[in-house]
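Here is the structure we will look at.
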Amino acid sequence: MSVAKDFEIIESTAEDVIFPPGELDSDEPPLETELHLRQIILLLQCLELCWQDRNDFYAVGNLTIYYSQRQRKSEDFRGPDFFVVLGTERKPRKSWVVWHENGLYPNIIIELLSDSTAKVDRGLKKQIYQDTFHTPEYFWFDPESLEFAGFRLIDSTYQPIEPNDQGWMWSQQLELYLGIHEQKLRFFTVVGLLVATPMEVAQQQTQRVEILAAKLRELGIDTDNI
């Protein structure tokens, strides 16, 4: 959730390599508020349910990205609040280590603004995601003020994504809209359907069963034995 001021990559010999081979632990500070935590969980649950039949992506929140074996110590970079990598194996990881992942960086990043991180998220992080990560799409959302913005990488520079009439922004990477619904950042399909959470899906199924049972009772059919 924070970024240090210095993002220099040490360019010298192997003696400068800081990180040992093998898996690296994530090194993220606690999230600012419960709103930030719930928003990350919401995005993750919705996308994983929507893509439940896919195994070619990795989606996670508040996880460290190690992008160079010669980058500064881990405290010099904090991972995005939410990011998705396409064309990779869907499996748990301790962190995202670019040189262990065939050089892959996130296809889309979402930062959740707060009083302590907003300036960095709008400035330094945006610059890093544009110039170092070359992440195709970058969004930010403030769970309290509901500030929402999106950018797409065009000719190596982030350009604002124009919202539609509903205020949603199309993600080419996810092939989904992102927009605000009931004060939360949510995904919507290309035809405008809300991508549901597991709980919402269960509620919808219960409602359908109840409607069907009511219709059967109107026809005089005993539903107790069905």
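We label chains A, B, ... in the order they appear in the structure tokens, count residues from 1 in each chain, and number ligands from 1 in the order shown.
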Can you list, as a PyMOL selection string, all residues belonging to stretch 130-219 of chain A that DSSP tags as strand (DSSP E)?
chain A and resi 137-141+148-154+157-160+169-171+176-181+184-188
Generate the output file for the selected residues, C-alpha atoms, as a compact mmCIF listing (two decimals), in the first residue's frame.
```
# COMPACT_ATOMS: atom_id res chain seq x y z
CA GLU A 137 -4.56 -0.88 -17.80
CA TYR A 138 -4.47 0.96 -14.49
CA PHE A 139 -7.47 1.95 -12.37
CA TRP A 140 -7.85 3.59 -9.00
CA PHE A 141 -10.85 3.77 -6.69
CA PHE A 148 -12.83 6.39 -9.80
CA ALA A 149 -10.43 6.72 -12.74
CA GLY A 150 -8.98 4.43 -15.37
CA PHE A 151 -6.10 4.57 -17.83
CA ARG A 152 -5.04 2.53 -20.85
CA LEU A 153 -1.48 2.29 -22.16
CA ILE A 154 -1.38 3.82 -25.65
CA THR A 157 1.69 6.47 -22.22
CA TYR A 158 -1.39 6.16 -20.02
CA GLN A 159 -4.44 7.79 -21.56
CA PRO A 160 -7.72 8.22 -19.63
CA MET A 169 -15.10 1.88 -17.87
CA TRP A 170 -14.34 -0.97 -20.26
CA SER A 171 -11.36 -3.19 -19.50
CA LEU A 176 -15.48 -6.62 -18.45
CA TYR A 177 -16.67 -3.20 -17.36
CA LEU A 178 -15.62 -1.71 -14.04
CA GLY A 179 -18.10 0.58 -12.36
CA ILE A 180 -19.55 1.68 -9.05
CA HIS A 181 -22.56 -0.22 -7.72
CA LYS A 184 -18.49 -0.57 -4.30
CA LEU A 185 -16.30 -1.11 -7.36
CA ARG A 186 -17.81 -4.00 -9.30
CA PHE A 187 -17.44 -5.86 -12.58
CA PHE A 188 -20.13 -5.86 -15.27
```
For A:Gln127, list every protein, DNA or RNA residue within 12 Å, evaluated using only C-alpha atoms, and leave out those in the same chain fewer than 2 positions away; present the list as a list in words.
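My list of contacting residues is Val3, Phe7, Lys119, Val120, Asp121, Arg122, Gly123, Leu124, Lys125, Tyr129, Gln130, Asp131, Thr132, Phe133, His134, Thr135, Tyr138, Phe151, Leu153, Ser156, Thr157 and Tyr158 of chain A.
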File of the preceding selection, N, CA and C atoms, as an mmCIF file, in the first residue's frame:
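Written output follows (again_15.cif):
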```
data_model
loop_
_atom_site.group_PDB
_atom_site.id
_atom_site.type_symbol
_atom_site.label_atom_id
_atom_site.label_comp_id
_atom_site.auth_asym_id
_atom_site.auth_seq_id
_atom_site.Cartn_x
_atom_site.Cartn_y
_atom_site.Cartn_z
ATOM 1 N N VAL A 3 4.819 3.127 -1.362
ATOM 2 C CA VAL A 3 5.955 3.040 -2.264
ATOM 3 C C VAL A 3 7.039 3.944 -1.749
ATOM 4 N N PHE A 7 13.240 4.350 -6.606
ATOM 5 C CA PHE A 7 12.978 3.107 -7.319
ATOM 6 C C PHE A 7 14.126 2.769 -8.268
ATOM 7 N N LYS A 119 -1.729 10.312 -3.131
ATOM 8 C CA LYS A 119 -0.756 11.081 -3.907
ATOM 9 C C LYS A 119 0.208 10.152 -4.642
ATOM 10 N N VAL A 120 0.652 9.114 -3.973
ATOM 11 C CA VAL A 120 1.582 8.162 -4.576
ATOM 12 C C VAL A 120 0.888 7.341 -5.656
ATOM 13 N N ASP A 121 -0.345 6.917 -5.382
ATOM 14 C CA ASP A 121 -1.089 6.112 -6.355
ATOM 15 C C ASP A 121 -1.356 6.900 -7.634
ATOM 16 N N ARG A 122 -1.628 8.192 -7.488
ATOM 17 C CA ARG A 122 -1.914 9.022 -8.664
ATOM 18 C C ARG A 122 -0.635 9.448 -9.390
ATOM 19 N N GLY A 123 0.486 9.421 -8.691
ATOM 20 C CA GLY A 123 1.729 9.924 -9.264
ATOM 21 C C GLY A 123 2.787 8.876 -9.496
ATOM 22 N N LEU A 124 3.561 8.575 -8.446
ATOM 23 C CA LEU A 124 4.714 7.695 -8.582
ATOM 24 C C LEU A 124 4.336 6.291 -9.037
ATOM 25 N N LYS A 125 3.301 5.720 -8.425
ATOM 26 C CA LYS A 125 2.922 4.365 -8.837
ATOM 27 C C LYS A 125 2.436 4.341 -10.282
ATOM 28 N N TYR A 129 3.990 1.890 -13.085
ATOM 29 C CA TYR A 129 3.171 0.927 -13.832
ATOM 30 C C TYR A 129 3.212 1.219 -15.331
ATOM 31 N N GLN A 130 3.380 2.473 -15.684
ATOM 32 C CA GLN A 130 3.476 2.855 -17.092
ATOM 33 C C GLN A 130 4.851 2.549 -17.665
ATOM 34 N N ASP A 131 5.900 2.987 -16.992
ATOM 35 C CA ASP A 131 7.237 2.968 -17.570
ATOM 36 C C ASP A 131 8.034 1.697 -17.286
ATOM 37 N N THR A 132 7.801 1.079 -16.130
ATOM 38 C CA THR A 132 8.570 -0.116 -15.755
ATOM 39 C C THR A 132 7.767 -1.400 -15.978
ATOM 40 N N PHE A 133 6.543 -1.419 -15.497
ATOM 41 C CA PHE A 133 5.709 -2.605 -15.654
ATOM 42 C C PHE A 133 5.082 -2.701 -17.052
ATOM 43 N N HIS A 134 4.838 -1.551 -17.672
ATOM 44 C CA HIS A 134 4.115 -1.497 -18.946
ATOM 45 C C HIS A 134 2.769 -2.215 -18.834
ATOM 46 N N THR A 135 2.123 -2.029 -17.686
ATOM 47 C CA THR A 135 0.826 -2.646 -17.451
ATOM 48 C C THR A 135 -0.216 -1.973 -18.349
ATOM 49 N N TYR A 138 -4.633 0.588 -15.892
ATOM 50 C CA TYR A 138 -4.474 0.957 -14.487
ATOM 51 C C TYR A 138 -5.714 1.729 -14.048
ATOM 52 N N PHE A 151 -7.052 4.174 -16.811
ATOM 53 C CA PHE A 151 -6.096 4.571 -17.835
ATOM 54 C C PHE A 151 -5.689 3.354 -18.662
ATOM 55 N N LEU A 153 -2.793 2.004 -21.600
ATOM 56 C CA LEU A 153 -1.475 2.295 -22.160
ATOM 57 C C LEU A 153 -1.581 2.385 -23.679
ATOM 58 N N SER A 156 2.862 3.743 -25.194
ATOM 59 C CA SER A 156 3.722 3.777 -23.998
ATOM 60 C C SER A 156 3.325 4.846 -22.990
ATOM 61 N N THR A 157 2.138 5.437 -23.143
ATOM 62 C CA THR A 157 1.693 6.472 -22.222
ATOM 63 C C THR A 157 0.257 6.193 -21.790
ATOM 64 N N TYR A 158 -0.026 6.359 -20.500
ATOM 65 C CA TYR A 158 -1.385 6.159 -20.024
ATOM 66 C C TYR A 158 -2.301 7.277 -20.506
#
```
For stretch 189-198 of chain A, list every protein, DNA or RNA residue within 10 Å, evaluated using only C-alpha atoms, and leave out those in the same chain fewer than 4 positions away; present the list as JSON, numbers by chain.
{"A": [41, 42, 43, 44, 45, 46, 47, 48, 49, 50, 166, 168, 170, 171, 174, 175, 176, 177, 178, 179, 181, 202, 203, 204]}
Between atom CA of A:Ser68 and atom CA of A:Ala118, measure the distance and give it in Å to one decimal.
25.1 Å
Taking the chain letters and numbering used in this document, name the residues of stretch 86-222 of chain A that DSSP puts in helix (DSSP H, G or I), as a PyMOL selection string.
chain A and resi 98-100+118-122+124-131+198-218
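For the pair atom CA of A:Gly167 and atom CA of A:Thr117, the interatomic distance is 23.9 Å.
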Expressed in Å to a single decimal, how great is the separation between atom CA of A:Gly61 and atom CA of A:Ile161?
22.6 Å
